[in-house]
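Have a look at work.pdb; it's PDB, C-alpha atoms:
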MODEL        1
ATOM      1  CA  MET A   1      40.354 129.120 144.461
ATOM      2  CA  ALA A   2      40.731 132.682 143.246
ATOM      3  CA  ALA A   3      39.828 133.591 139.690
ATOM      4  CA  ALA A   4      41.980 135.844 137.581
ATOM      5  CA  THR A   5      42.153 137.464 134.195
ATOM      6  CA  PHE A   6      45.229 137.951 132.117
ATOM      7  CA  SER A   7      45.731 139.978 128.998
ATOM      8  CA  CYS A   8      47.603 138.952 125.874
ATOM      9  CA  CYS A   9      47.901 142.210 123.975
ATOM     10  CA  GLY A  10      44.353 143.363 124.390
ATOM     11  CA  VAL A  11      42.749 139.890 124.592
ATOM     12  CA  TRP A  12      41.550 138.874 128.060
ATOM     13  CA  PHE A  13      41.387 135.309 129.356
ATOM     14  CA  MET A  14      40.348 133.628 132.610
ATOM     15  CA  PHE A  15      42.436 131.233 134.671
ATOM     16  CA  ALA A  16      42.577 129.790 138.146
ATOM     17  CA  GLY A  17      45.079 131.159 140.637
ATOM     18  CA  PRO A  18      47.193 132.115 142.294
ATOM     19  CA  GLU A  19      47.478 128.756 144.025
ATOM     20  CA  ASN A  20      47.154 126.960 140.657
ATOM     21  CA  ALA A  21      48.667 129.666 138.518
ATOM     22  CA  GLY A  22      50.285 127.223 136.145
ATOM     23  CA  ALA A  23      46.945 125.862 134.949
ATOM     24  CA  PRO A  24      44.696 128.422 133.234
ATOM     25  CA  GLU A  25      41.106 127.409 132.674
ATOM     26  CA  GLU A  26      39.803 127.374 129.116
ATOM     27  CA  PRO A  27      38.013 130.677 128.407
ATOM     28  CA  GLU A  28      34.343 130.496 127.566
ATOM     29  CA  ALA A  29      35.038 132.038 124.174
ATOM     30  CA  LEU A  30      37.904 133.788 122.478
ATOM     31  CA  PRO A  31      37.036 137.228 121.164
ATOM     32  CA  PRO A  32      36.800 137.488 117.364
ATOM     33  CA  ASP A  33      40.208 137.924 115.817
ATOM     34  CA  GLY A  34      41.333 141.221 114.451
ATOM     35  CA  PRO A  35      43.855 143.982 114.863
ATOM     36  CA  GLU A  36      41.607 146.119 117.043
ATOM     37  CA  GLU A  37      42.157 146.352 120.782
ATOM     38  CA  PRO A  38      40.055 147.810 123.586
ATOM     39  CA  SER A  39      40.446 151.519 124.080
ATOM     40  CA  GLU A  40      43.173 152.118 126.631
ATOM     41  CA  PRO A  41      44.738 155.568 126.636
ATOM     42  CA  ALA A  42      48.447 155.969 127.162
ATOM     43  CA  ALA A  43      49.467 157.679 130.361
ATOM     44  CA  GLU A  44      51.284 160.950 129.933
ATOM     45  CA  PRO A  45      54.513 161.260 131.945
ATOM     46  CA  ASP A  46      54.684 163.924 134.613
ATOM     47  CA  PRO A  47      57.305 166.470 133.458
ATOM     48  CA  GLN A  48      57.916 167.331 137.143
ATOM     49  CA  GLU A  49      58.213 163.704 138.241
ATOM     50  CA  PRO A  50      60.774 163.491 141.065
ATOM     51  CA  GLU A  51      63.696 161.106 141.126
ATOM     52  CA  ILE A  52      62.806 157.592 142.256
ATOM     53  CA  PRO A  53      63.651 157.224 145.957
ATOM     54  CA  THR A  54      65.897 154.394 147.073
ATOM     55  CA  GLU A  55      63.259 153.136 149.519
ATOM     56  CA  ILE A  56      59.825 151.897 148.487
ATOM     57  CA  PRO A  57      57.345 154.681 149.265
ATOM     58  CA  GLU A  58      54.396 153.965 151.497
ATOM     59  CA  VAL A  59      51.127 153.545 149.562
ATOM     60  CA  PRO A  60      48.014 154.835 151.364
ATOM     61  CA  GLU A  61      45.888 151.939 152.600
ATOM     62  CA  GLU A  62      42.920 152.874 150.397
ATOM     63  CA  TYR A  63      45.119 152.605 147.274
ATOM     64  CA  ARG A  64      47.111 149.529 148.232
ATOM     65  CA  GLY A  65      46.820 146.294 146.235
ATOM     66  CA  THR A  66      48.713 143.038 146.604
ATOM     67  CA  VAL A  67      51.288 141.585 144.214
ATOM     68  CA  THR A  68      51.541 137.783 144.055
ATOM     69  CA  GLU A  69      54.881 136.443 142.874
ATOM     70  CA  LEU A  70      54.799 133.135 141.005
ATOM     71  CA  THR A  71      56.549 130.995 138.425
ATOM     72  CA  MET A  72      54.156 129.768 135.747
ATOM     73  CA  THR A  73      54.554 126.365 134.161
ATOM     74  CA  GLY A  74      52.450 123.682 132.514
ATOM     75  CA  GLU A  75      50.950 120.472 133.823
ATOM     76  CA  ASP A  76      49.800 117.085 132.593
ATOM     77  CA  SER A  77      46.288 118.024 131.454
ATOM     78  CA  PRO A  78      44.376 118.397 128.171
ATOM     79  CA  ALA A  79      45.039 122.139 128.280
ATOM     80  CA  TYR A  80      48.776 121.645 127.842
ATOM     81  CA  VAL A  81      51.091 119.883 125.424
ATOM     82  CA  ARG A  82      54.569 118.773 126.398
ATOM     83  CA  TRP A  83      57.252 119.012 123.741
ATOM     84  CA  ASP A  84      60.894 118.318 124.477
ATOM     85  CA  ASN A  85      61.686 120.494 127.519
ATOM     86  CA  ILE A  86      58.853 123.023 127.043
ATOM     87  CA  TRP A  87      55.144 123.363 127.700
ATOM     88  CA  ILE A  88      52.568 124.660 125.225
ATOM     89  CA  ARG A  89      49.265 126.161 126.370
ATOM     90  CA  ASN A  90      46.967 124.888 123.651
ATOM     91  CA  TYR A  91      44.136 127.304 122.881
ATOM     92  CA  THR A  92      43.470 125.625 119.513
ATOM     93  CA  LYS A  93      41.302 122.705 118.421
ATOM     94  CA  LEU A  94      44.355 120.601 117.619
ATOM     95  CA  THR A  95      44.945 117.502 119.718
ATOM     96  CA  ALA A  96      48.215 117.026 121.569
ATOM     97  CA  ALA A  97      49.241 114.453 118.973
ATOM     98  CA  GLU A  98      48.525 116.895 116.147
ATOM     99  CA  VAL A  99      50.539 119.644 117.859
ATOM    100  CA  GLN A 100      53.460 117.267 118.366
ATOM    101  CA  LYS A 101      53.265 116.192 114.721
ATOM    102  CA  VAL A 102      53.653 119.816 113.588
ATOM    103  CA  LEU A 103      56.671 120.242 115.830
ATOM    104  CA  ALA A 104      58.284 117.015 114.628
ATOM    105  CA  THR A 105      59.515 119.022 111.626
ATOM    106  CA  PRO A 106      62.584 121.061 112.653
ATOM    107  CA  ASN A 107      62.577 124.849 112.800
ATOM    108  CA  ARG A 108      63.632 126.431 109.502
ATOM    109  CA  VAL A 109      63.565 130.089 110.540
ATOM    110  CA  THR A 110      67.230 131.046 110.378
ATOM    111  CA  LEU A 111      69.128 133.957 108.917
ATOM    112  CA  ASN A 112      70.512 133.826 105.390
ATOM    113  CA  PRO A 113      74.340 134.003 105.648
ATOM    114  CA  LYS A 114      74.494 135.455 102.122
ATOM    115  CA  GLU A 115      72.188 138.362 102.942
ATOM    116  CA  LYS A 116      74.185 141.550 103.519
ATOM    117  CA  GLY A 117      71.404 143.709 104.972
ATOM    118  CA  PRO A 118      69.629 143.453 108.347
ATOM    119  CA  GLN A 119      67.384 140.421 108.773
ATOM    120  CA  LEU A 120      66.058 141.123 112.270
ATOM    121  CA  LEU A 121      63.537 143.771 113.338
ATOM    122  CA  LEU A 122      62.448 144.533 116.893
ATOM    123  CA  PHE A 123      59.334 146.675 117.252
ATOM    124  CA  HIS A 124      56.536 147.477 119.697
ATOM    125  CA  THR A 125      52.846 147.373 118.853
ATOM    126  CA  HIS A 126      52.159 148.423 122.452
ATOM    127  CA  ALA A 127      55.243 150.462 123.213
ATOM    128  CA  THR A 128      53.771 152.360 126.168
ATOM    129  CA  GLU A 129      53.241 149.253 128.305
ATOM    130  CA  SER A 130      55.235 149.651 131.517
ATOM    131  CA  TYR A 131      55.932 148.016 134.874
ATOM    132  CA  GLU A 132      55.859 148.458 138.613
ATOM    133  CA  LEU A 133      58.544 150.827 139.864
ATOM    134  CA  TYR A 134      59.536 148.585 142.767
ATOM    135  CA  ASP A 135      59.902 144.925 143.652
ATOM    136  CA  SER A 136      57.246 145.066 146.342
ATOM    137  CA  PRO A 137      54.462 142.841 147.735
ATOM    138  CA  TYR A 138      51.978 145.635 147.133
ATOM    139  CA  PHE A 139      51.167 148.166 144.402
ATOM    140  CA  ASP A 140      49.366 151.452 143.980
ATOM    141  CA  THR A 141      45.936 150.769 142.448
ATOM    142  CA  ARG A 142      46.085 154.157 140.728
ATOM    143  CA  ASN A 143      48.888 152.860 138.494
ATOM    144  CA  THR A 144      47.918 152.568 134.805
ATOM    145  CA  TRP A 145      51.102 150.699 133.798
ATOM    146  CA  ARG A 146      51.452 152.990 130.789
ATOM    147  CA  ASP A 147      54.271 155.431 130.094
ATOM    148  CA  THR A 148      55.107 157.441 126.998
ATOM    149  CA  ASP A 149      58.714 157.937 128.130
ATOM    150  CA  ASN A 150      60.737 155.382 126.170
ATOM    151  CA  GLN A 151      63.132 154.996 129.071
ATOM    152  CA  ASN A 152      60.283 153.570 131.151
ATOM    153  CA  ASN A 153      58.330 151.394 128.710
ATOM    154  CA  MET A 154      58.807 148.469 126.323
ATOM    155  CA  VAL A 155      61.248 150.409 124.157
ATOM    156  CA  ALA A 156      63.705 150.263 127.073
ATOM    157  CA  VAL A 157      63.372 146.455 127.127
ATOM    158  CA  GLY A 158      63.881 146.398 123.363
ATOM    159  CA  ASP A 159      67.019 148.506 123.745
ATOM    160  CA  VAL A 160      68.599 145.886 126.017
ATOM    161  CA  LEU A 161      67.567 143.059 123.705
ATOM    162  CA  ALA A 162      68.904 144.887 120.639
ATOM    163  CA  SER A 163      72.198 145.597 122.385
ATOM    164  CA  GLY A 164      72.617 141.947 123.332
ATOM    165  CA  LEU A 165      71.846 140.760 119.816
ATOM    166  CA  GLU A 166      74.336 143.223 118.370
ATOM    167  CA  GLN A 167      76.978 142.012 120.825
ATOM    168  CA  ALA A 168      76.279 138.525 119.491
ATOM    169  CA  GLY A 169      77.222 139.764 116.018
ATOM    170  CA  LEU A 170      73.806 140.418 114.477
ATOM    171  CA  ALA A 171      72.637 143.470 112.557
ATOM    172  CA  VAL A 172      69.492 144.646 114.347
ATOM    173  CA  LEU A 173      66.819 147.172 113.466
ATOM    174  CA  HIS A 174      64.931 148.482 116.508
ATOM    175  CA  ASP A 175      61.870 150.592 115.804
ATOM    176  CA  ALA A 176      60.737 152.737 118.750
ATOM    177  CA  THR A 177      57.449 153.954 117.256
ATOM    178  CA  GLN A 178      54.658 154.154 119.829
ATOM    179  CA  HIS A 179      51.928 152.524 117.798
ATOM    180  CA  ASP A 180      49.528 152.668 120.773
ATOM    181  CA  ASN A 181      49.942 156.401 121.347
ATOM    182  CA  PRO A 182      47.827 158.476 121.255
ATOM    183  CA  ALA A 183      45.253 155.792 120.370
ATOM    184  CA  TYR A 184      45.396 152.214 121.660
ATOM    185  CA  THR A 185      42.791 150.992 119.181
ATOM    186  CA  GLY A 186      44.304 150.179 115.793
ATOM    187  CA  ALA A 187      47.836 149.677 117.097
ATOM    188  CA  TYR A 188      48.293 146.424 115.156
ATOM    189  CA  ILE A 189      47.227 148.101 111.926
ATOM    190  CA  ARG A 190      49.834 150.789 112.480
ATOM    191  CA  SER A 191      52.614 148.375 113.464
ATOM    192  CA  THR A 192      51.895 146.290 110.353
ATOM    193  CA  GLU A 193      52.349 149.423 108.250
ATOM    194  CA  THR A 194      55.677 150.044 110.005
ATOM    195  CA  ILE A 195      56.813 146.486 109.290
ATOM    196  CA  LYS A 196      55.934 146.789 105.606
ATOM    197  CA  SER A 197      57.886 150.033 105.387
ATOM    198  CA  TYR A 198      60.973 148.309 106.795
ATOM    199  CA  GLN A 199      60.495 145.335 104.491
ATOM    200  CA  LYS A 200      60.430 147.684 101.517
ATOM    201  CA  ASN A 201      63.759 149.207 102.551
ATOM    202  CA  TYR A 202      65.295 145.957 103.832
ATOM    203  CA  PRO A 203      63.936 143.114 101.682
ATOM    204  CA  GLY A 204      66.054 140.541 103.521
ATOM    205  CA  LEU A 205      64.143 140.930 106.800
ATOM    206  CA  ARG A 206      63.195 137.501 108.145
ATOM    207  CA  VAL A 207      62.757 137.680 111.931
ATOM    208  CA  LEU A 208      60.209 140.118 113.373
ATOM    209  CA  LEU A 209      59.907 140.274 117.171
ATOM    210  CA  ASP A 210      57.093 142.303 118.726
ATOM    211  CA  ILE A 211      58.139 143.186 122.294
ATOM    212  CA  HIS A 212      55.338 143.413 124.900
ATOM    213  CA  ARG A 213      54.567 142.756 128.534
ATOM    214  CA  ASP A 214      51.607 140.734 129.827
ATOM    215  CA  ALA A 215      49.116 141.647 132.572
ATOM    216  CA  ILE A 216      47.615 139.328 135.199
ATOM    217  CA  LEU A 217      44.878 140.707 137.431
ATOM    218  CA  TYR A 218      43.052 138.674 140.055
ATOM    219  CA  SER A 219      40.941 141.710 140.931
ATOM    220  CA  ASP A 220      41.205 145.486 141.033
ATOM    221  CA  THR A 221      43.401 145.130 144.121
ATOM    222  CA  SER A 222      45.381 141.980 143.287
ATOM    223  CA  ILE A 223      47.853 141.356 140.472
ATOM    224  CA  ALA A 224      50.614 138.848 139.748
ATOM    225  CA  LYS A 225      54.217 138.999 138.653
ATOM    226  CA  THR A 226      55.910 136.045 136.969
ATOM    227  CA  VAL A 227      59.520 135.421 137.918
ATOM    228  CA  ALA A 228      62.338 132.942 137.540
ATOM    229  CA  VAL A 229      65.426 133.245 139.706
ATOM    230  CA  ILE A 230      68.485 133.053 137.448
ATOM    231  CA  ASN A 231      71.950 133.217 139.029
ATOM    232  CA  GLY A 232      70.393 134.470 142.245
ATOM    233  CA  LYS A 233      68.559 137.346 140.548
ATOM    234  CA  LYS A 234      64.892 137.758 139.649
ATOM    235  CA  ALA A 235      64.065 137.691 135.946
ATOM    236  CA  ALA A 236      60.631 138.313 134.458
ATOM    237  CA  GLN A 237      59.304 135.129 132.897
ATOM    238  CA  LEU A 238      59.046 135.223 129.110
ATOM    239  CA  MET A 239      55.896 134.122 127.279
ATOM    240  CA  ILE A 240      56.062 133.521 123.529
ATOM    241  CA  ILE A 241      52.791 133.785 121.597
ATOM    242  CA  ALA A 242      52.587 131.627 118.463
ATOM    243  CA  PRO A 243      49.830 131.484 115.844
ATOM    244  CA  TYR A 244      47.473 128.773 114.647
ATOM    245  CA  ASP A 245      45.327 129.334 111.570
ATOM    246  CA  ASP A 246      41.875 127.883 112.147
ATOM    247  CA  GLY A 247      41.000 128.580 108.511
ATOM    248  CA  THR A 248      39.963 132.201 108.996
ATOM    249  CA  LEU A 249      43.261 134.056 109.440
ATOM    250  CA  ASP A 250      45.076 133.647 106.101
ATOM    251  CA  LEU A 251      48.308 132.515 107.763
ATOM    252  CA  PRO A 252      49.654 129.800 105.442
ATOM    253  CA  SER A 253      53.035 129.780 107.208
ATOM    254  CA  TRP A 254      51.744 129.499 110.782
ATOM    255  CA  ARG A 255      53.494 126.137 111.244
ATOM    256  CA  GLU A 256      56.870 127.793 110.609
ATOM    257  CA  ASN A 257      56.112 130.534 113.141
ATOM    258  CA  PHE A 258      55.060 127.887 115.662
ATOM    259  CA  ARG A 259      58.174 125.756 115.109
ATOM    260  CA  PHE A 260      60.314 128.870 115.506
ATOM    261  CA  ALA A 261      58.583 129.652 118.799
ATOM    262  CA  ALA A 262      59.145 126.107 120.051
ATOM    263  CA  ALA A 263      62.820 126.093 119.025
ATOM    264  CA  LEU A 264      63.390 129.427 120.738
ATOM    265  CA  ALA A 265      61.610 128.391 123.950
ATOM    266  CA  ALA A 266      63.455 125.060 124.034
ATOM    267  CA  ALA A 267      66.835 126.774 123.674
ATOM    268  CA  ILE A 268      66.022 129.298 126.414
ATOM    269  CA  GLU A 269      64.770 126.561 128.768
ATOM    270  CA  GLU A 270      67.885 124.508 128.098
ATOM    271  CA  LYS A 271      70.026 127.446 129.184
ATOM    272  CA  TYR A 272      67.745 128.892 131.880
ATOM    273  CA  PRO A 273      65.160 126.377 133.169
ATOM    274  CA  GLY A 274      61.952 128.079 134.271
ATOM    275  CA  LEU A 275      62.554 131.336 132.424
ATOM    276  CA  CYS A 276      59.837 130.578 129.848
ATOM    277  CA  ARG A 277      56.161 130.336 130.597
ATOM    278  CA  PRO A 278      54.261 127.868 128.390
ATOM    279  CA  ILE A 279      54.046 128.984 124.764
ATOM    280  CA  PHE A 280      50.674 130.634 124.183
ATOM    281  CA  PHE A 281      49.384 128.826 121.074
ATOM    282  CA  CYS A 282      46.206 130.476 119.778
ATOM    283  CA  SER A 283      44.188 131.563 116.750
ATOM    284  CA  ARG A 284      45.241 135.195 116.616
ATOM    285  CA  SER A 285      46.686 137.044 113.637
ATOM    286  CA  TYR A 286      48.642 139.939 115.189
ATOM    287  CA  ASN A 287      51.559 140.595 112.737
ATOM    288  CA  TYR A 288      52.268 136.959 111.849
ATOM    289  CA  ALA A 289      51.275 137.343 108.199
ATOM    290  CA  CYS A 290      54.281 139.627 107.674
ATOM    291  CA  SER A 291      56.819 136.784 108.027
ATOM    292  CA  ASP A 292      57.092 133.119 108.963
ATOM    293  CA  GLY A 293      59.686 134.353 111.474
ATOM    294  CA  ALA A 294      57.314 136.732 113.282
ATOM    295  CA  LEU A 295      56.661 136.188 116.997
ATOM    296  CA  LEU A 296      55.202 138.136 119.878
ATOM    297  CA  LEU A 297      57.286 138.116 123.089
ATOM    298  CA  GLU A 298      55.790 139.043 126.474
ATOM    299  CA  PHE A 299      58.400 140.109 129.052
ATOM    300  CA  GLY A 300      56.804 139.535 132.439
ATOM    301  CA  THR A 301      53.599 141.211 133.576
ATOM    302  CA  ASN A 302      52.474 144.566 134.911
ATOM    303  CA  GLY A 303      53.543 143.299 138.347
ATOM    304  CA  ASN A 304      57.183 142.907 137.353
ATOM    305  CA  THR A 305      59.788 145.659 137.396
ATOM    306  CA  MET A 306      61.692 147.120 134.463
ATOM    307  CA  GLU A 307      64.915 145.732 135.945
ATOM    308  CA  GLU A 308      63.466 142.208 135.919
ATOM    309  CA  ALA A 309      62.262 142.549 132.313
ATOM    310  CA  GLN A 310      65.561 143.975 131.105
ATOM    311  CA  TYR A 311      67.441 141.178 132.860
ATOM    312  CA  THR A 312      65.385 138.677 130.868
ATOM    313  CA  ALA A 313      66.205 140.533 127.654
ATOM    314  CA  GLU A 314      69.879 140.424 128.574
ATOM    315  CA  LEU A 315      69.720 136.676 129.246
ATOM    316  CA  ILE A 316      67.858 135.621 126.120
ATOM    317  CA  ALA A 317      69.631 137.830 123.544
ATOM    318  CA  PRO A 318      72.552 135.434 122.930
ATOM    319  CA  VAL A 319      70.149 132.477 122.888
ATOM    320  CA  ILE A 320      68.006 134.111 120.206
ATOM    321  CA  ALA A 321      71.183 134.829 118.248
ATOM    322  CA  GLU A 322      72.173 131.165 118.413
ATOM    323  CA  VAL A 323      68.757 129.948 117.268
ATOM    324  CA  ILE A 324      68.322 132.297 114.324
ATOM    325  CA  SER A 325      71.932 131.858 113.254
ATOM    326  CA  GLY A 326      71.404 128.098 113.157
ATOM    327  CA  ARG A 327      73.971 127.456 115.882
ATOM    328  CA  ALA A 328      71.583 126.109 118.523
ATOM    329  CA  GLU A 329      71.648 122.343 119.030
TER     330      GLU A 329
ENDMDL
END
As structure tokens - that is how I would like this structure written.
Amino acid sequence: MAAATFSCCGVWFMFAGPENAGAPEEPEALPPDGPEEPSEPAAEPDPQEPEIPTEIPEVPEEYRGTVTELTMTGEDSPAYVRWDNIWIRNYTKLTAAEVQKVLATPNRVTLNPKEKGPQLLLFHTHATESYELYDSPYFDTRNTWRDTDNQNNMVAVGDVLASGLEQAGLAVLHDATQHDNPAYTGAYIRSTETIKSYQKNYPGLRVLLDIHRDAILYSDTSIAKTVAVINGKKAAQLMIIAPYDDGTLDLPSWRENFRFAAALAAAIEEKYPGLCRPIFFCSRSYNYACSDGALLLEFGTNGNTMEEAQYTAELIAPVIAEVISGRAE
């Protein structure tokens, strides 16, 4: 069985795959929590970059890596918790029964109908994360999957999500700040400062969605893309990361964030089965202290394409609107 690593916003984990990609192994140890990430410089765009050809270009053999396409799900094992129609990857010390007890209380993260200002903020701690240019079984190992052009990175995914939410009748703030450029380290500190600035100007803000993409690497020459086929078209699987406070993170409202994550995943899975990977439930702080409605959303992996990630954003926008407006069943 092949071993692989995958990255959740600068935190690397081990799991088995690709033949058992739905069942990550427990990591030996989680890195200490904090807003710092490994140094990873943003790639500068080539000002003379040619137009993308309609056919996939040939990658020289010495730079060719393989892309494994898979759909990640959970399984009946101690590593996972089943709740309603969703799976939860449990990286905490809570038992399955304790996790289910937390989720037995309904989600309370909904918008205030009396609030006149915006209540929803989309932002990007790692804005320069990007994707493969083509839906291909191989990739160029020289690719850094970083791009400072907002038409080619996570801001472009956020644009589609914001548009869909606005079409659903919501007032949306979308911040395009590249908090990981020029320095990757300290990006969460900078995005927290951005959030606080918005909260000062818009005190009614309740829902904060940090838009990312994941990365799964089996080796330097082998990566994975997570897909669900929706209406005959490939969509990048969505992974929601939810917090657990192990007593060291100062997140008194983590249960509300977690219930919100579960309600959102359940609504998406009800509409589009297989679109959500298991919720990643872990002791990480990220920006969760800023609101009990703060979540981190991972749109696919570095092996997916922008088109696949944007399709997911298009699909889930009206579902998010239903959940936070209190209209979801």
Exercise. Of the candidates A:Ala228, A:Ala96, A:Leu121, A:Leu264, which shows the shortest atom-to-atom distance to Lys196 (chain A), using only C-alpha atoms?
Worked result: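 Distance minimum relative to Lys196 (chain A) lands on A:Leu121.
For the choices A:Cys290, A:Ala321, A:Leu161, A:Ala265, the atom-to-atom distance to Asp84 (chain A) is smallest for A:Ala265 when using all atoms listed in the file.
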Problem set entry | All residues 8 Å or closer to region 273-280 of chain A, all atoms listed in the file, same chain fewer than 5 positions away omitted, as a PyMOL selection string | chain A and resi 71-74+86-91+227-228+230+235-242+261-262+265+268
Create the file for the chosen residues now, containing C-alpha atoms and written as a PDB file, keeping the file's coordinate frame.
ATOM      1  CA  THR A  71      56.549 130.995 138.425  1.00  0.00           C
ATOM      2  CA  MET A  72      54.156 129.768 135.747  1.00  0.00           C
ATOM      3  CA  THR A  73      54.554 126.365 134.161  1.00  0.00           C
ATOM      4  CA  GLY A  74      52.450 123.682 132.514  1.00  0.00           C
ATOM      5  CA  ILE A  86      58.853 123.023 127.043  1.00  0.00           C
ATOM      6  CA  TRP A  87      55.144 123.363 127.700  1.00  0.00           C
ATOM      7  CA  ILE A  88      52.568 124.660 125.225  1.00  0.00           C
ATOM      8  CA  ARG A  89      49.265 126.161 126.370  1.00  0.00           C
ATOM      9  CA  ASN A  90      46.967 124.888 123.651  1.00  0.00           C
ATOM     10  CA  TYR A  91      44.136 127.304 122.881  1.00  0.00           C
ATOM     11  CA  VAL A 227      59.520 135.421 137.918  1.00  0.00           C
ATOM     12  CA  ALA A 228      62.338 132.942 137.540  1.00  0.00           C
ATOM     13  CA  ILE A 230      68.485 133.053 137.448  1.00  0.00           C
ATOM     14  CA  ALA A 235      64.065 137.691 135.946  1.00  0.00           C
ATOM     15  CA  ALA A 236      60.631 138.313 134.458  1.00  0.00           C
ATOM     16  CA  GLN A 237      59.304 135.129 132.897  1.00  0.00           C
ATOM     17  CA  LEU A 238      59.046 135.223 129.110  1.00  0.00           C
ATOM     18  CA  MET A 239      55.896 134.122 127.279  1.00  0.00           C
ATOM     19  CA  ILE A 240      56.062 133.521 123.529  1.00  0.00           C
ATOM     20  CA  ILE A 241      52.791 133.785 121.597  1.00  0.00           C
ATOM     21  CA  ALA A 242      52.587 131.627 118.463  1.00  0.00           C
ATOM     22  CA  ALA A 261      58.583 129.652 118.799  1.00  0.00           C
ATOM     23  CA  ALA A 262      59.145 126.107 120.051  1.00  0.00           C
ATOM     24  CA  ALA A 265      61.610 128.391 123.950  1.00  0.00           C
ATOM     25  CA  ILE A 268      66.022 129.298 126.414  1.00  0.00           C
TER      26      ILE A 268
END
For this session: I need the residue set behind the PyMOL selection byres ((chain A and resi 173) around 10) for this file; please write it as a ChimeraX atom specification.
Result: /A:118-123,162,166,170-172,174-176,198,202,205,208
Problem set entry | Residues matched by the PyMOL selection byres ((chain A and resi 328) around 10), written as an NGL selection string | :A and (263-264 or 266-267 or 319-327 or 329)
